[in-house]
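Report on the following structure.
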Amino acid sequence: MNPIVLIPARMAATRLPGKPLADIAGLPMIVRVLRQAQAAGVGPVAVAAGDSEIVAAVEAAGGRAVLTDPDLPSGSDRIVAALAELDPQGRHDVVINLQGDIPFVRPDAVGAVARLLAAQPDCDISTVMVAEADPAERTNPDIPKVVAAMEADGRSGRALYFTRSVLYGDAPVWLHHGIYGFRREALARFTAAPPSPLEMRERLEQLRALELGMSIWAAVIDEAPISVDNPADLERARAHARSLA
């Protein structure tokens with residue numbers, strides 16, 4: 001495989017406008033994500049930016065960014081647009097979509113999605129999940145869950161469904177985190193299709209892939225990355241950065 005890592009980012013976030021450039025201990029959040037992706041060492045890394053300010057911040061930090069249409073409907077569409085400019089020859093057969101709002105994502109989580117595609121030849125899309133740490137997470141509709149048919153070693157599984165609903169029973173509930181590895185042809189098929197009924201019902205775009213008959217596998221990671229969606233999350237990320245100093 002020949003992966004490339006693309007990080008979609010735009011300034012117009014509803015709950016935290018301008019969050020890619022939010023300062024976290026002296027670095028813009030998008031730069032922190034970029035550096036974690038580079039540390040994974042799975043392939044070249046670039047930011048698919050919806051705004052020129054993001055491009056400027058990334059380039060000032062020595063990274064590469066591509067300016068895309070700010071009105072693109074999703075991060076997946078944004079990475080397709082960037083990919084057309086970065087790799088029109090199709091040399092990269094795997095595209096890793098890394099969200100731009102997880103500033104402390106572990107490099108091994110990025111590598112996990114690439115390794116899963118290599119390990120499962122029938123897998124179209126790979127992603128990651130983590131076991132719930134708090135019973136309250138099970139009932140939180142803001143935290144998507146994965147229903148997976150697990151492998152014997154308990155470290156990966158084929159995703160049967162994703163939901164925001166409550167899951168019952170004594171078995172671990174797997175919480176989904178939005179790092180995706182796409183085979184390039186799967187990415188093209190996924191983004192060419194319209195939003196699906198289940199996707200619109202659950203507000204989870206990965207359900208479009210399942211409704212298209214694609215195979216999604218999820219690797220288990222041991223630590224949930226801090227995701228910055230609102231001002232409280234940003235303060236938590238800043239406190240974590242201070243704890244690392």
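Identifiers in the structure tokens: chain A, B, ... in order shown; residue index from 1 per chain; ligand index from 1 in order shown.
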
For Asp51 (chain A), list every protein, DNA or RNA residue within 10 Å, evaluated using only C-alpha atoms, and leave out those in the same chain fewer than 5 positions away; present the list as a PDB file with N, CA and C atoms, in the first residue's frame.
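Okay, this is what ended up in around-v8.pdb:
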ATOM      1  N   ALA A   9     -10.195  20.515   7.281  1.00  0.00           N
ATOM      2  CA  ALA A   9     -10.391  21.542   8.315  1.00  0.00           C
ATOM      3  C   ALA A   9     -11.044  22.762   7.689  1.00  0.00           C
ATOM      4  N   ARG A  10     -11.962  23.354   8.434  1.00  0.00           N
ATOM      5  CA  ARG A  10     -12.586  24.600   7.994  1.00  0.00           C
ATOM      6  C   ARG A  10     -12.886  25.464   9.214  1.00  0.00           C
ATOM      7  N   MET A  11     -12.990  26.770   8.980  1.00  0.00           N
ATOM      8  CA  MET A  11     -13.156  27.706  10.082  1.00  0.00           C
ATOM      9  C   MET A  11     -14.586  27.779  10.596  1.00  0.00           C
ATOM     10  N   ALA A  12     -15.575  27.424   9.770  1.00  0.00           N
ATOM     11  CA  ALA A  12     -16.977  27.692  10.093  1.00  0.00           C
ATOM     12  C   ALA A  12     -17.635  26.589  10.907  1.00  0.00           C
ATOM     13  N   GLY A  18     -13.805  28.916  14.023  1.00  0.00           N
ATOM     14  CA  GLY A  18     -12.367  29.164  13.989  1.00  0.00           C
ATOM     15  C   GLY A  18     -11.536  28.149  14.725  1.00  0.00           C
ATOM     16  N   ALA A  56      -2.341  29.242   5.610  1.00  0.00           N
ATOM     17  CA  ALA A  56      -1.223  30.071   6.080  1.00  0.00           C
ATOM     18  C   ALA A  56      -0.624  29.512   7.362  1.00  0.00           C
ATOM     19  N   VAL A  66      -3.767  22.388   1.118  1.00  0.00           N
ATOM     20  CA  VAL A  66      -4.432  22.655  -0.148  1.00  0.00           C
ATOM     21  C   VAL A  66      -5.717  23.409   0.153  1.00  0.00           C
ATOM     22  N   LEU A  67      -5.940  24.514  -0.523  1.00  0.00           N
ATOM     23  CA  LEU A  67      -7.162  25.291  -0.332  1.00  0.00           C
ATOM     24  C   LEU A  67      -8.284  24.671  -1.165  1.00  0.00           C
ATOM     25  N   THR A  68      -9.391  24.341  -0.497  1.00  0.00           N
ATOM     26  CA  THR A  68     -10.545  23.736  -1.164  1.00  0.00           C
ATOM     27  C   THR A  68     -11.761  24.642  -1.003  1.00  0.00           C
ATOM     28  N   ASP A  69     -12.794  24.339  -1.746  1.00  0.00           N
ATOM     29  CA  ASP A  69     -14.038  25.111  -1.702  1.00  0.00           C
ATOM     30  C   ASP A  69     -14.607  25.076  -0.286  1.00  0.00           C
ATOM     31  N   PRO A  70     -14.815  26.234   0.351  1.00  0.00           N
ATOM     32  CA  PRO A  70     -15.336  26.228   1.733  1.00  0.00           C
ATOM     33  C   PRO A  70     -16.748  25.676   1.850  1.00  0.00           C
TER      34      PRO A  70
END

Legend entry - Arg15 (chain A) environment, 9 Å, only C-alpha atoms, sequence neighbours closer than 2 positions dropped, as a list in words: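 Contacts, in chain order: Ala12, Ala13, Pro17, Asp229, Asn230 and Pro231 of chain A.
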
Just-selected residues, C-alpha atoms written as a tab-separated table (two decimals), in the first residue's frame:
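Okay, part-v8.tsv is ready:
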chain	number	residue	atom	x	y	z
A	12	ALA	CA	-16.98	27.69	10.09
A	13	ALA	CA	-17.61	25.14	12.85
A	17	PRO	CA	-16.02	28.91	15.01
A	229	ASP	CA	-16.17	20.26	19.53
A	230	ASN	CA	-17.04	23.14	21.87
A	231	PRO	CA	-15.41	25.67	24.24

Legend entry - Shell around region 148-161 of chain A at 6 Å using only C-alpha atoms, local window under 3 positions removed, as a list in words: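 The contact residues come out as Ile216, Trp217, Ala218, Ala219 and Val220 of chain A.
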
Could the residues in this selection be written to a file with all heavy atoms, as a compact mmCIF listing (two decimals), in the first residue's frame?
# COMPACT_ATOMS: atom_id res chain seq x y z
N ILE A 216 -16.66 -2.30 6.38
CA ILE A 216 -15.93 -1.42 7.30
C ILE A 216 -15.40 -2.27 8.45
O ILE A 216 -16.16 -3.03 9.07
CB ILE A 216 -16.81 -0.30 7.85
CG1 ILE A 216 -17.42 0.53 6.71
CG2 ILE A 216 -16.01 0.60 8.79
CD1 ILE A 216 -18.35 1.64 7.20
N TRP A 217 -14.12 -2.14 8.74
CA TRP A 217 -13.51 -2.80 9.89
C TRP A 217 -13.01 -1.73 10.86
O TRP A 217 -12.61 -0.64 10.43
CB TRP A 217 -12.35 -3.69 9.46
CG TRP A 217 -12.79 -5.00 8.87
CD1 TRP A 217 -13.38 -5.20 7.66
CD2 TRP A 217 -12.68 -6.29 9.48
NE1 TRP A 217 -13.65 -6.53 7.47
CE2 TRP A 217 -13.23 -7.23 8.57
CE3 TRP A 217 -12.17 -6.76 10.69
CZ2 TRP A 217 -13.28 -8.59 8.85
CZ3 TRP A 217 -12.21 -8.10 10.97
CH2 TRP A 217 -12.76 -9.01 10.05
N ALA A 218 -13.05 -2.07 12.15
CA ALA A 218 -12.59 -1.14 13.18
C ALA A 218 -11.52 -1.79 14.04
O ALA A 218 -11.69 -2.93 14.48
CB ALA A 218 -13.76 -0.70 14.06
N ALA A 219 -10.44 -1.07 14.26
CA ALA A 219 -9.36 -1.52 15.14
C ALA A 219 -9.57 -0.94 16.53
O ALA A 219 -10.00 0.22 16.68
CB ALA A 219 -8.01 -1.08 14.58
N VAL A 220 -9.25 -1.72 17.53
CA VAL A 220 -9.36 -1.25 18.92
C VAL A 220 -8.13 -0.42 19.27
O VAL A 220 -6.99 -0.84 19.04
CB VAL A 220 -9.48 -2.45 19.88
CG1 VAL A 220 -9.44 -1.98 21.34
CG2 VAL A 220 -10.76 -3.23 19.61

Legend entry - Atom pair CA of Asp77 (chain A) / CA of Thr191 (chain A): separation (Å): 6.3 Å

Inset, instruction - Could you check which of A:Arg183, A:Arg189, A:His92, A:Arg203 is closest to Pro141 (chain A), using only C-alpha atoms? - result: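 Ranked by minimum distance to Pro141 (chain A), first place goes to A:Arg203.
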